[in-house]
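Undergrad: My structure is stored as model05.cif, with mmCIF, C-alpha atoms.
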```
data_upload
#
loop_
_atom_site.label_atom_id
_atom_site.label_comp_id
_atom_site.auth_asym_id
_atom_site.auth_seq_id
_atom_site.Cartn_x
_atom_site.Cartn_y
_atom_site.Cartn_z
CA MET A 7 -170.75 -61.34 -150.23
CA SER A 8 -172.76 -64.55 -150.59
CA ASP A 9 -176.15 -64.56 -152.30
CA ALA A 10 -178.39 -67.38 -151.07
CA THR A 11 -180.65 -67.13 -154.09
CA THR A 12 -177.97 -68.75 -156.25
CA MET A 13 -177.86 -71.91 -154.15
CA PRO A 14 -179.61 -75.04 -155.47
CA THR A 15 -182.29 -76.41 -153.15
CA ALA A 16 -181.28 -80.01 -153.86
CA GLU A 17 -177.85 -79.67 -152.25
CA ARG A 18 -177.68 -80.75 -148.63
CA THR A 19 -175.15 -80.37 -145.85
CA ALA A 20 -172.91 -83.34 -145.07
CA ARG A 21 -174.32 -84.06 -141.60
CA PRO A 22 -177.32 -83.13 -139.44
CA LEU A 23 -176.73 -79.99 -137.38
CA HIS A 24 -178.15 -78.58 -134.16
CA ILE A 25 -179.07 -74.96 -134.86
CA ALA A 26 -180.27 -72.35 -132.35
CA MET A 27 -182.45 -69.35 -133.23
CA ILE A 28 -182.08 -66.52 -130.70
CA GLY A 29 -183.29 -62.95 -130.29
CA THR A 30 -186.96 -62.91 -131.38
CA ARG A 31 -190.36 -63.46 -129.80
CA GLY A 32 -190.22 -67.00 -131.13
CA VAL A 33 -192.84 -69.28 -132.67
CA PRO A 34 -195.63 -69.95 -133.46
CA ALA A 35 -195.27 -66.78 -135.53
CA ALA A 36 -197.83 -64.19 -134.51
CA TYR A 37 -196.01 -60.89 -134.55
CA GLY A 38 -193.49 -59.93 -137.20
CA GLY A 39 -191.05 -60.79 -139.93
CA PHE A 40 -188.34 -62.40 -137.82
CA GLU A 41 -190.83 -64.78 -136.25
CA THR A 42 -192.31 -65.73 -139.62
CA ALA A 43 -188.83 -66.30 -141.02
CA ILE A 44 -187.87 -68.57 -138.13
CA GLU A 45 -191.07 -70.58 -138.53
CA GLU A 46 -190.60 -71.02 -142.28
CA ILE A 47 -186.84 -71.66 -142.16
CA GLY A 48 -186.88 -73.73 -138.98
CA ARG A 49 -189.52 -76.21 -140.09
CA ARG A 50 -187.74 -76.71 -143.41
CA LEU A 51 -184.43 -77.30 -141.65
CA VAL A 52 -186.16 -79.94 -139.51
CA GLU A 53 -187.58 -81.56 -142.65
CA ARG A 54 -184.02 -81.72 -143.99
CA GLY A 55 -182.86 -83.67 -140.94
CA HIS A 56 -181.48 -80.92 -138.67
CA SER A 57 -182.54 -80.18 -135.10
CA VAL A 58 -183.63 -76.62 -134.40
CA THR A 59 -184.04 -74.90 -131.03
CA VAL A 60 -186.02 -71.66 -130.97
CA TYR A 61 -185.87 -69.33 -127.97
CA CYS A 62 -189.30 -67.82 -127.26
CA ARG A 63 -190.45 -65.03 -124.96
CA SER A 64 -192.68 -66.41 -122.23
CA LYS A 65 -196.27 -65.19 -122.27
CA ASP A 66 -199.46 -66.11 -120.51
CA GLY A 67 -201.11 -69.30 -121.61
CA GLU A 68 -199.79 -72.52 -123.11
CA LYS A 69 -196.05 -72.91 -123.62
CA PRO A 70 -195.62 -75.76 -126.12
CA ALA A 71 -192.33 -77.64 -126.06
CA GLU A 72 -192.39 -78.19 -129.82
CA HIS A 73 -193.73 -76.52 -132.95
CA LEU A 74 -193.49 -77.95 -136.46
CA GLY A 75 -190.62 -80.14 -135.29
CA MET A 76 -188.67 -77.29 -133.66
CA ALA A 77 -187.80 -77.51 -129.96
CA LEU A 78 -189.01 -74.43 -128.06
CA VAL A 79 -187.40 -72.89 -124.98
CA HIS A 80 -189.59 -70.32 -123.20
CA LEU A 81 -187.81 -67.66 -121.17
CA PRO A 82 -189.05 -64.39 -119.62
CA ALA A 83 -188.33 -60.82 -120.69
CA LEU A 84 -188.68 -57.42 -119.07
CA HIS A 85 -191.72 -55.72 -120.62
CA VAL A 86 -190.01 -52.37 -120.98
CA LYS A 87 -189.21 -50.86 -124.38
CA VAL A 88 -185.49 -50.40 -123.77
CA ALA A 89 -184.96 -53.82 -122.17
CA GLU A 90 -187.43 -56.35 -123.57
CA THR A 91 -185.32 -57.65 -126.44
CA LEU A 92 -182.00 -57.50 -124.60
CA SER A 93 -183.22 -59.14 -121.38
CA HIS A 94 -184.66 -62.10 -123.24
CA THR A 95 -181.63 -62.54 -125.49
CA GLY A 96 -179.31 -62.43 -122.49
CA LEU A 97 -181.22 -65.26 -120.78
CA SER A 98 -181.32 -67.19 -124.06
CA ALA A 99 -177.54 -66.95 -124.49
CA ILE A 100 -177.00 -68.17 -120.92
CA HIS A 101 -179.35 -71.11 -121.53
CA ALA A 102 -177.57 -72.02 -124.76
CA VAL A 103 -174.14 -72.13 -123.13
CA THR A 104 -175.30 -74.05 -120.05
CA HIS A 105 -177.12 -76.77 -121.98
CA ALA A 106 -176.23 -78.85 -125.02
CA ALA A 107 -174.38 -76.35 -127.17
CA PRO A 108 -175.67 -76.06 -130.75
CA ASP A 109 -173.39 -76.48 -133.76
CA ALA A 110 -174.30 -72.96 -134.84
CA ALA A 111 -176.44 -70.09 -133.60
CA PHE A 112 -178.35 -67.46 -135.52
CA VAL A 113 -178.91 -64.28 -133.51
CA PHE A 114 -181.52 -61.95 -134.95
CA ASN A 115 -181.15 -58.17 -134.66
CA ALA A 116 -177.83 -56.36 -134.38
CA ALA A 117 -179.01 -54.90 -131.05
CA ASN A 118 -178.37 -58.34 -129.54
CA ALA A 119 -174.71 -58.40 -130.60
CA PRO A 120 -173.37 -57.79 -127.06
CA PHE A 121 -174.37 -61.37 -126.22
CA VAL A 122 -172.43 -62.94 -129.08
CA PRO A 123 -169.21 -63.24 -126.97
CA VAL A 124 -171.20 -65.28 -124.42
CA LEU A 125 -172.05 -67.82 -127.12
CA ARG A 126 -168.61 -67.82 -128.67
CA ALA A 127 -166.95 -68.35 -125.25
CA ARG A 128 -168.63 -71.77 -125.27
CA GLY A 129 -167.34 -72.38 -128.80
CA ILE A 130 -170.69 -71.76 -130.48
CA PRO A 131 -170.12 -70.18 -133.91
CA THR A 132 -172.61 -67.37 -134.33
CA ALA A 133 -174.09 -65.37 -137.20
CA VAL A 134 -176.03 -62.16 -136.60
CA HIS A 135 -178.93 -61.16 -138.81
CA VAL A 136 -178.36 -57.41 -138.69
CA ASP A 137 -181.90 -56.39 -139.76
CA GLY A 138 -182.39 -52.78 -140.88
CA LEU A 139 -180.84 -49.46 -139.87
CA GLU A 140 -182.42 -49.46 -136.44
CA TRP A 141 -180.64 -46.32 -135.24
CA LYS A 142 -182.77 -44.34 -137.71
CA ARG A 143 -186.00 -45.12 -135.88
CA ASP A 144 -187.54 -41.97 -134.42
CA LYS A 145 -188.91 -43.77 -131.36
CA TRP A 146 -185.40 -43.85 -129.90
CA GLY A 147 -183.72 -40.88 -128.30
CA GLY A 148 -180.06 -39.96 -128.55
CA ALA A 149 -178.91 -42.71 -126.18
CA GLY A 150 -180.90 -45.32 -128.10
CA LYS A 151 -179.48 -44.23 -131.43
CA ARG A 152 -175.94 -44.32 -130.05
CA TYR A 153 -176.54 -47.81 -128.64
CA TYR A 154 -177.74 -49.19 -131.94
CA ARG A 155 -174.81 -47.75 -133.86
CA ALA A 156 -172.45 -49.22 -131.25
CA ALA A 157 -174.29 -52.55 -131.53
CA GLU A 158 -173.72 -52.56 -135.30
CA SER A 159 -170.00 -52.17 -134.68
CA ALA A 160 -170.09 -54.96 -132.09
CA ALA A 161 -171.90 -57.28 -134.51
CA VAL A 162 -169.17 -56.67 -137.07
CA ARG A 163 -166.28 -57.29 -134.66
CA TRP A 164 -167.66 -60.24 -132.67
CA SER A 165 -169.80 -62.30 -135.09
CA ASP A 166 -168.55 -65.13 -137.25
CA ALA A 167 -170.89 -64.02 -140.04
CA LEU A 168 -173.37 -61.26 -140.79
CA ILE A 169 -176.69 -61.83 -142.56
CA ALA A 170 -178.32 -59.04 -144.59
CA ASP A 171 -181.81 -59.46 -146.01
CA ALA A 172 -181.48 -56.74 -148.67
CA GLN A 173 -178.79 -55.56 -151.05
CA GLY A 174 -179.00 -52.09 -149.51
CA ILE A 175 -178.13 -53.46 -146.07
CA ALA A 176 -175.27 -55.50 -147.49
CA ASP A 177 -173.96 -52.39 -149.25
CA TYR A 178 -174.23 -50.41 -146.02
CA TYR A 179 -172.00 -52.83 -144.08
CA ASP A 180 -169.53 -52.95 -146.94
CA ASP A 181 -169.37 -49.15 -147.16
CA GLU A 182 -169.32 -48.56 -143.40
CA PHE A 183 -167.01 -51.36 -142.26
CA GLY A 184 -165.56 -53.08 -145.31
CA VAL A 185 -166.81 -56.50 -144.21
CA PRO A 186 -168.64 -59.21 -146.21
CA THR A 187 -172.22 -60.23 -145.50
CA GLU A 188 -174.42 -63.15 -146.44
CA LEU A 189 -177.27 -61.83 -148.61
CA ILE A 190 -180.23 -64.01 -147.63
CA SER A 191 -183.62 -62.42 -148.09
CA TYR A 192 -187.01 -63.51 -146.78
CA GLY A 193 -189.49 -65.71 -148.60
CA ALA A 194 -193.03 -64.92 -149.65
CA THR A 195 -196.15 -67.04 -149.29
CA ILE A 196 -197.93 -67.27 -152.64
CA ILE A 197 -201.72 -66.91 -152.66
CA ASP A 198 -203.13 -67.80 -156.08
CA GLU A 199 -206.80 -68.31 -155.22
CA PRO A 200 -207.71 -66.15 -152.23
CA THR A 201 -210.88 -66.61 -150.26
CA SER A 202 -212.97 -63.63 -149.16
CA THR A 203 -215.32 -64.98 -146.50
CA ARG A 204 -213.58 -63.29 -143.59
CA ILE A 205 -213.32 -59.84 -145.18
CA GLY A 206 -217.01 -60.14 -146.02
CA GLU A 207 -217.68 -60.25 -142.29
CA LEU A 208 -216.02 -56.82 -142.13
CA GLY A 209 -218.18 -55.46 -144.93
CA LEU A 210 -215.30 -55.50 -147.45
CA THR A 211 -215.34 -56.86 -151.00
CA PRO A 212 -212.45 -58.03 -153.23
CA ASN A 213 -210.47 -55.34 -155.07
CA ALA A 214 -212.55 -52.63 -153.42
CA PHE A 215 -210.31 -51.26 -150.68
CA HIS A 216 -206.76 -50.01 -150.07
CA LEU A 217 -204.70 -51.58 -147.26
CA VAL A 218 -202.02 -50.47 -144.80
CA VAL A 219 -200.40 -52.94 -142.38
CA ALA A 220 -197.76 -51.40 -140.11
CA ARG A 221 -196.79 -50.54 -136.59
CA PHE A 222 -197.57 -46.90 -135.92
CA GLU A 223 -194.05 -45.49 -135.92
CA PRO A 224 -192.82 -42.38 -137.76
CA GLU A 225 -190.44 -44.23 -140.06
CA ASN A 226 -193.38 -46.35 -141.29
CA HIS A 227 -195.15 -43.17 -142.44
CA VAL A 228 -198.66 -44.27 -141.47
CA ARG A 229 -199.60 -40.67 -140.68
CA GLU A 230 -198.47 -39.52 -144.14
CA ILE A 231 -200.47 -42.35 -145.69
CA VAL A 232 -203.74 -41.44 -143.95
CA GLU A 233 -203.10 -37.76 -144.68
CA GLY A 234 -202.50 -38.47 -148.37
CA TYR A 235 -205.54 -40.69 -148.57
CA SER A 236 -207.74 -38.15 -146.79
CA ALA A 237 -206.65 -35.46 -149.25
CA SER A 238 -207.37 -37.69 -152.25
CA ASP A 239 -210.57 -38.25 -154.19
CA ALA A 240 -210.31 -42.01 -153.74
CA ARG A 241 -213.68 -43.73 -153.63
CA LEU A 242 -212.59 -47.02 -152.08
CA PRO A 243 -212.02 -47.19 -148.31
CA LEU A 244 -208.57 -47.26 -146.70
CA VAL A 245 -208.24 -50.15 -144.22
CA VAL A 246 -205.55 -49.54 -141.61
CA VAL A 247 -204.17 -52.50 -139.64
CA GLY A 248 -201.71 -51.83 -136.84
CA SER A 249 -200.99 -50.31 -133.47
CA ALA A 250 -198.05 -48.99 -131.46
CA PRO A 251 -197.40 -50.18 -127.90
CA TYR A 252 -194.91 -47.40 -127.16
CA SER A 253 -196.14 -44.47 -129.30
CA ALA A 254 -199.40 -43.08 -127.94
CA GLU A 255 -198.89 -39.55 -129.29
CA TYR A 256 -198.18 -40.72 -132.84
CA THR A 257 -201.13 -43.13 -132.72
CA ALA A 258 -203.41 -40.33 -131.53
CA ALA A 259 -202.38 -38.18 -134.51
CA ILE A 260 -203.32 -40.98 -136.91
CA GLU A 261 -206.62 -41.57 -135.15
CA ARG A 262 -207.53 -37.88 -135.34
CA ILE A 263 -207.12 -37.91 -139.11
CA ALA A 264 -209.08 -41.14 -139.43
CA ALA A 265 -211.92 -39.81 -137.27
CA SER A 266 -212.37 -36.90 -139.69
CA ASP A 267 -212.77 -39.14 -142.76
CA ASP A 268 -215.42 -41.86 -142.77
CA ARG A 269 -213.66 -43.60 -145.68
CA ILE A 270 -210.84 -44.68 -143.31
CA ARG A 271 -211.37 -47.93 -141.36
CA MET A 272 -209.11 -48.52 -138.37
CA LEU A 273 -208.94 -52.23 -137.50
CA GLY A 274 -206.22 -52.06 -134.85
CA GLY A 275 -203.85 -55.01 -134.48
CA VAL A 276 -204.95 -58.13 -136.38
CA TRP A 277 -203.25 -61.35 -135.28
CA ASP A 278 -205.59 -63.75 -137.10
CA GLN A 279 -203.35 -64.93 -139.94
CA ASP A 280 -206.23 -66.20 -142.10
CA LEU A 281 -207.91 -62.81 -141.92
CA LEU A 282 -204.64 -61.06 -142.70
CA ASP A 283 -204.14 -63.28 -145.74
CA GLU A 284 -207.57 -62.32 -147.01
CA LEU A 285 -206.90 -58.63 -146.42
CA TYR A 286 -203.61 -58.73 -148.33
CA ALA A 287 -204.99 -60.82 -151.18
CA ASN A 288 -208.24 -58.90 -151.72
CA ALA A 289 -206.98 -55.32 -151.42
CA LEU A 290 -206.78 -53.31 -154.64
CA THR A 291 -203.51 -51.78 -153.41
CA TYR A 292 -201.19 -52.31 -150.49
CA VAL A 293 -199.74 -48.98 -149.31
CA HIS A 294 -196.29 -49.51 -147.79
CA GLY A 295 -194.64 -46.70 -145.85
CA HIS A 296 -191.67 -48.51 -144.28
CA SER A 297 -188.38 -46.71 -144.87
CA VAL A 298 -185.52 -47.92 -142.65
CA GLY A 299 -185.64 -51.72 -142.66
CA GLY A 300 -184.29 -54.11 -145.21
CA THR A 301 -186.57 -56.43 -147.18
CA ASN A 302 -189.87 -56.02 -145.37
CA PRO A 303 -191.94 -59.19 -144.76
CA SER A 304 -195.22 -57.29 -144.97
CA LEU A 305 -194.27 -56.06 -148.43
CA LEU A 306 -193.39 -59.62 -149.47
CA ARG A 307 -196.69 -60.84 -148.09
CA ALA A 308 -198.52 -58.32 -150.28
CA ILE A 309 -196.71 -59.22 -153.49
CA GLY A 310 -197.07 -62.93 -152.76
CA ALA A 311 -200.81 -62.28 -152.57
CA GLY A 312 -200.72 -60.58 -155.97
CA THR A 313 -201.61 -57.10 -154.74
CA ALA A 314 -200.43 -53.92 -156.44
CA VAL A 315 -198.04 -51.88 -154.29
CA LEU A 316 -197.72 -48.15 -153.58
CA ALA A 317 -194.47 -47.86 -151.62
CA TRP A 318 -192.40 -45.22 -149.87
CA ASP A 319 -189.60 -44.30 -152.25
CA VAL A 320 -186.45 -45.90 -150.81
CA ASP A 321 -184.01 -48.40 -152.26
CA PHE A 322 -185.18 -51.26 -150.01
CA ASN A 323 -188.70 -51.07 -151.45
CA ARG A 324 -187.64 -50.52 -155.06
CA GLU A 325 -185.42 -53.60 -154.77
CA VAL A 326 -188.52 -55.72 -154.13
CA THR A 327 -191.11 -54.27 -156.51
CA LEU A 328 -188.90 -52.83 -159.27
CA GLU A 329 -190.80 -51.33 -162.23
CA ASP A 330 -194.13 -52.77 -161.10
CA GLY A 331 -194.23 -50.68 -157.93
CA ARG A 332 -195.54 -47.13 -157.70
CA TYR A 333 -193.64 -44.84 -155.34
CA PHE A 334 -194.31 -41.79 -153.16
CA GLY A 335 -192.26 -39.71 -150.76
CA SER A 336 -194.92 -37.48 -149.22
CA ALA A 337 -198.63 -37.38 -148.41
CA SER A 338 -199.29 -35.17 -151.41
CA ALA A 339 -197.51 -37.59 -153.76
CA LEU A 340 -199.65 -40.53 -152.56
CA ALA A 341 -203.04 -38.99 -153.38
CA PRO A 342 -202.74 -39.19 -157.21
CA LEU A 343 -201.39 -42.75 -157.00
CA LEU A 344 -204.48 -43.86 -155.10
CA GLU A 345 -206.76 -42.11 -157.58
CA SER A 346 -205.02 -43.56 -160.65
CA SER A 347 -205.07 -47.08 -159.18
CA GLU A 348 -208.86 -46.83 -159.01
CA SER A 349 -209.33 -45.18 -162.40
CA ASP A 350 -207.35 -47.85 -164.29
CA LEU A 351 -208.40 -51.01 -162.52
CA ALA A 352 -207.10 -53.39 -165.19
CA ALA A 353 -203.57 -51.94 -165.06
CA THR A 354 -203.55 -52.04 -161.25
CA LEU A 355 -204.61 -55.70 -161.15
CA SER A 356 -202.05 -56.55 -163.83
CA ARG A 357 -199.22 -55.04 -161.77
CA GLY A 358 -200.33 -57.17 -158.83
CA ASP A 359 -200.27 -60.31 -160.96
CA ARG A 360 -196.73 -59.55 -162.15
CA LEU A 361 -195.58 -58.95 -158.58
CA ARG A 362 -196.94 -62.36 -157.55
CA VAL A 363 -194.84 -63.97 -160.28
CA ARG A 364 -191.79 -62.07 -159.02
CA ALA A 365 -192.47 -63.23 -155.46
CA ALA A 366 -192.72 -66.87 -156.56
CA THR A 367 -189.48 -66.80 -158.51
CA THR A 368 -187.31 -64.55 -156.31
CA TYR A 369 -188.53 -64.86 -152.70
CA ASP A 370 -188.70 -68.63 -152.26
CA TRP A 371 -188.57 -70.02 -148.70
CA ASP A 372 -186.80 -73.19 -149.89
CA LEU A 373 -183.97 -71.10 -151.34
CA VAL A 374 -183.85 -68.98 -148.20
CA THR A 375 -183.62 -72.12 -146.07
CA THR A 376 -180.77 -73.41 -148.23
CA GLY A 377 -178.92 -70.18 -147.56
CA TYR A 378 -179.22 -70.64 -143.80
CA GLU A 379 -178.42 -74.35 -144.04
CA HIS A 380 -175.23 -73.75 -146.00
CA LEU A 381 -174.15 -70.93 -143.69
CA ALA A 382 -174.74 -73.10 -140.61
CA ALA A 383 -172.59 -75.86 -142.14
CA ARG A 384 -169.79 -73.41 -142.95
CA LEU A 385 -169.90 -71.97 -139.43
CA ALA A 386 -169.79 -75.45 -137.90
CA ALA A 387 -166.77 -76.22 -140.10
CA GLY A 388 -164.89 -73.19 -138.82
CA TYR A 389 -165.79 -70.35 -141.18
CA SER A 390 -165.55 -66.90 -139.61
CA ILE A 391 -165.12 -63.31 -140.77
CA ARG A 392 -163.45 -62.38 -137.47
CA PRO A 393 -159.88 -62.44 -138.80
CA ILE A 394 -160.74 -59.52 -141.05
CA ALA A 395 -163.58 -57.95 -139.02
CA ARG A 396 -162.24 -57.87 -135.44
CA SER A 397 -160.40 -54.63 -136.13
CA ALA A 398 -163.08 -53.11 -138.39
CA ARG A 399 -164.19 -49.58 -137.60
CA ARG A 400 -166.69 -47.28 -139.23
CA SER A 401 -165.47 -45.24 -142.14
CA ALA A 402 -164.13 -41.86 -141.11
CA SER A 403 -166.80 -39.95 -143.04
CA SER A 404 -169.57 -41.92 -141.34
CA SER A 405 -168.12 -41.35 -137.88
CA ARG A 406 -168.08 -37.61 -138.47
CA SER A 407 -171.63 -37.47 -139.81
CA GLY A 408 -173.26 -40.21 -137.73
CA ALA A 409 -174.68 -37.93 -135.07
CA SER A 410 -176.64 -35.96 -137.63
CA VAL A 411 -177.90 -38.84 -139.76
CA ALA A 412 -181.66 -39.33 -139.34
CA SER A 413 -182.84 -41.19 -136.42
CA PRO A 414 -183.51 -45.84 -134.57
CA VAL A 415 -185.41 -52.14 -132.27
CA SER A 416 -188.68 -53.37 -132.74
#
```
Take the structure in this file and express it as structure tokens.
TA:
Amino acid sequence: MSDATTMPTAERTARPLHIAMIGTRGVPAAYGGFETAIEEIGRRLVERGHSVTVYCRSKDGEKPAEHLGMALVHLPALHVKVAETLSHTGLSAIHAVTHAAPDAAFVFNAANAPFVPVLRARGIPTAVHVDGLEWKRDKWGGAGKRYYRAAESAAVRWSDALIADAQGIADYYDDEFGVPTELISYGATIIDEPTSTRIGELGLTPNAFHLVVARFEPENHVREIVEGYSASDARLPLVVVGSAPYSAEYTAAIERIAASDDRIRMLGGVWDQDLLDELYANALTYVHGHSVGGTNPSLLRAIGAGTAVLAWDVDFNREVTLEDGRYFGSASALAPLLESSESDLAATLSRGDRLRVRAATTYDWDLVTTGYEHLAARLAAGYSIRPIARSARRSASSSRSGASVASPVS
């Protein structure tokens, strides 16, 4: 397994490369972690002399041909939960093989692995960023879970390289399939001197509210968070940012709890990045309920802003916040953490400061970019895990227990 954080930023590849980024909503980043990663990595690759093509999902309004030096290709997608990602990735793969073929392609999300053979048939070496354990997401039924587990296997057998953004994901692929991965995490934006003008417009003041930012899906535990908060004696308001396009029933449950507690403020989806920065940087705590992904960009955004973290107790989250995080595994376990964060303000702020230092030293976008740059160069030079991975199968114990393991792409 390769660890990108050990690579020096000064080292450069021998020649400029053409690199394609496939499988996300694209840039400018306005939605999630993959899009932010592509924006941060892609612009740095351009600054280092490479050409980068990003495939974007068409939407109403302006369709720029370029963003921060990256060439953008806008293609449509079916706006249906089960087909949106796959339909767009399929068209993107066809475009890539029928136009000037890149030296290397990065495909994001293991669910898109079925299109890797299309790229490789044109001789395009391809790495798949496998993301989290998507088959555990409750929003998918049995067929969806089976698809995602099959897609993991396809990513292993057909890709030239696999990218994991957390040690836990890398360990999973090693345990399940016995194949190596490239451990390349996300970066964090560091906010040392936050402004507070925009949160003032919402009636909020610095260090005087708790924050949740998440899509309303069961594995993100937003309902448990609002339940735990509502049961607590916390004095500061809980600000909830997020929505769920495909989960009306779960959203309604959260809204019912919020409606019964006037301390809870529901902001809905917030796409204004300046406002989001102020929310992250001025919250007393960031409450993080995500449980099935790898290194979560929202969590990195919080620690980069210097905010203390109360996180769902799973390895992925402990890997990021270590001893400076506080952890809960139920609504009842969250309540005392919220209360203690308010009662010892100095200790809470100090934990946030230490997390910002960790973000600056460990989750550096320049180091992340170097990881992608080096992998692209190795792929272009012929590197591939396929000789050892093409016959890889899940471990026997996993195959027997897979149907009963929790539940699944964004």
Undergrad: What does the distance from atom CA of A:Ser98 to atom CA of A:Pro123 come to in Å, to one decimal?
TA: 13.1 Å
Undergrad: Extract, using all atoms listed in the file, all DNA, RNA and protein residues at most 9 Å from A:Ser165, discarding same-chain residues fewer than 2 positions from it, and format them as an NGL selection string.
TA: :A and (119 or 122-123 or 126 or 131-134 or 160-163 or 167-168 or 390-392 or 395-396)
Undergrad: Which residues of stretch 306-405 of chain A come within 10 Å of stretch 49-61 of chain A, and for each one, what is the closest pair of atoms and their distance in Å to one decimal, counting all atoms listed in the file, sorted by chain and residue number, as JSON lines?
TA:
```
{"residue": "A:Trp371", "atom": "CA", "partner": "A:Arg50", "partner_atom": "CA", "distance": 8.6}
{"residue": "A:Asp372", "atom": "CA", "partner": "A:Arg50", "partner_atom": "CA", "distance": 7.4}
{"residue": "A:Val374", "atom": "CA", "partner": "A:Arg50", "partner_atom": "CA", "distance": 9.9}
{"residue": "A:Thr375", "atom": "CA", "partner": "A:Arg50", "partner_atom": "CA", "distance": 6.7}
{"residue": "A:Thr376", "atom": "CA", "partner": "A:Leu51", "partner_atom": "CA", "distance": 8.5}
{"residue": "A:Tyr378", "atom": "CA", "partner": "A:Leu51", "partner_atom": "CA", "distance": 8.7}
{"residue": "A:Glu379", "atom": "CA", "partner": "A:Leu51", "partner_atom": "CA", "distance": 7.1}
```
Undergrad: Please compute the atom CA of A:Val218-atom CA of A:Leu244 distance, one decimal, in Å.
TA: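 Distance reported for this atom pair: 7.5 Å.
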Undergrad: With distances taken over all atoms listed in the file, which residue among A:Ser297, A:Thr367, A:Ser304, A:Thr291 lies nearest A:Thr354?
TA: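 That would be A:Thr291, the residue with the smallest distance to A:Thr354.
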Undergrad: Need to verify the contact set: A:Pro303, 9 Å, all atoms listed in the file, exclusion of same-chain residues closer than 3 positions in sequence. Can you return it as an MDAnalysis selection string?
TA: chainID A and resid 38:40 42:43 192:194 306:308
Undergrad: Would you mind reading off the distance between atom CA of A:Thr187 and atom CA of A:Asn115, one decimal, in Å?
TA: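 Rounded to one decimal, the two atoms are 14.2 Å apart.
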Undergrad: Could you tell me which of A:Trp277, A:Ala289, A:Asn323, A:Ser236 comes closest to A:Ile205 if we count only C-alpha atoms?
TA: A:Ala289
Undergrad: May I have the residues within 10 Å of stretch 198-201 of chain A as a PyMOL selection string, using all atoms listed in the file and disregarding those fewer than 2 positions away in the same chain?
TA: chain A and resi 195-196+203-206+212+280-281+283-288+310-312+359+362
Undergrad: I'd like to know which of A:Arg221, A:Leu282, A:Ala240, A:Lys151 is closest to A:Pro342, using all atoms listed in the file.
TA: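 Using all atoms listed in the file, the shortest distance to A:Pro342 belongs to A:Ala240.
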Undergrad: I'd like to know which of A:Ala117, A:Leu355, A:Ile28, A:Leu92 is closest to A:Tyr292, using all atoms listed in the file.
TA: A:Leu355
Undergrad: Could you give me, as a list of chain:residue names, the residues that have an atom at most 6 Å away from the point (-202.3, -55.6, -138.4) in the coordinates of the file, using only C-alpha atoms?
TA: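 Residues with an atom at most 6 Å from (-202.3, -55.6, -138.4): A:Val219, A:Val247, A:Gly248, A:Gly275, A:Val276.
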Undergrad: Find the residues near stretch 325-332 of chain A: any atom within 10 Å, counting all atoms listed in the file, skip ones fewer than 6 places away on the same chain, and give them as a ChimeraX atom specification.
TA: /A:172-174,293,300-302,305-306,309,314-319,340,343-344,347,354,356-361,364-365,368-369
Undergrad: Write out as a list in words each polymer residue whose atoms come within 7 Å of A:Arg63, counting only C-alpha atoms; drop sequence neighbours fewer than 3 positions from it.
TA: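 Everything that qualifies: Arg31, Gly32, His80, Leu81, Pro82, Ala83 and His94 of chain A.
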Undergrad: I would like the residues chosen by the PyMOL selection byres ((chain A and resi 272) around 7) on the shown file; could you give them as an MDAnalysis selection string?
TA: chainID A and resid 245:247 270:271 273:274
Undergrad: Please write the residues from the selection above to a file, keeping C-alpha atoms, as a PDB file, in the frame of the given file.
TA:
```pdb
ATOM      1  CA  VAL A 245    -208.240 -50.150-144.220  1.00  0.00           C
ATOM      2  CA  VAL A 246    -205.550 -49.540-141.610  1.00  0.00           C
ATOM      3  CA  VAL A 247    -204.170 -52.500-139.640  1.00  0.00           C
ATOM      4  CA  ILE A 270    -210.840 -44.680-143.310  1.00  0.00           C
ATOM      5  CA  ARG A 271    -211.370 -47.930-141.360  1.00  0.00           C
ATOM      6  CA  LEU A 273    -208.940 -52.230-137.500  1.00  0.00           C
ATOM      7  CA  GLY A 274    -206.220 -52.060-134.850  1.00  0.00           C
TER       8      GLY A 274
END
```
Undergrad: Run the PyMOL selection byres ((chain A and resi 241) around 9) on the file and write out the hits as a PyMOL selection string.
TA: chain A and resi 214-215+238-240+242-243+269+345+348
Undergrad: Which stretch 304-393 of chain A residues have any atom within 7 Å of an atom of stretch 100-111 of chain A, and for each, what is the nearest pair of atoms with distance in Å to one decimal, counting all atoms listed in the file, rows sorted by chain and number, as a Markdown table?
TA:
```
| residue | atom | partner | partner_atom | distance |
| --- | --- | --- | --- | --- |
| A:Ala382 | CA | A:Ala110 | CA | 5.8 |
| A:Leu385 | CA | A:Ala110 | CA | 6.4 |
| A:Ala386 | CA | A:Asp109 | CA | 5.6 |
```
Undergrad: Let's have the selection written as an mmCIF file, keeping the file's coordinate frame, with C-alpha atoms.
TA:
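Output file again.cif follows:
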```cif
data_model
loop_
_atom_site.group_PDB
_atom_site.id
_atom_site.type_symbol
_atom_site.label_atom_id
_atom_site.label_comp_id
_atom_site.auth_asym_id
_atom_site.auth_seq_id
_atom_site.Cartn_x
_atom_site.Cartn_y
_atom_site.Cartn_z
ATOM 1 C CA ALA A 382 -174.740 -73.100 -140.610
ATOM 2 C CA LEU A 385 -169.900 -71.970 -139.430
ATOM 3 C CA ALA A 386 -169.790 -75.450 -137.900
#
```
Undergrad: Can you report as JSON the centre and edge lengths in Å, to one decimal, of an axis-aligned box around the listed atoms of stretch 311-327 of chain A padded with 4 Å on each side?
TA:
```
{"center_x": -192.8, "center_y": -53.3, "center_z": -153.2, "size_x": 25.6, "size_y": 26.0, "size_z": 14.6}
```
Undergrad: Measuring between all atoms listed in the file, which one of A:Leu290, A:Glu158, A:Glu230, A:Asp166 shows the shortest distance to A:Ala353?
TA: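 Smallest distance to A:Ala353 is found for A:Leu290.
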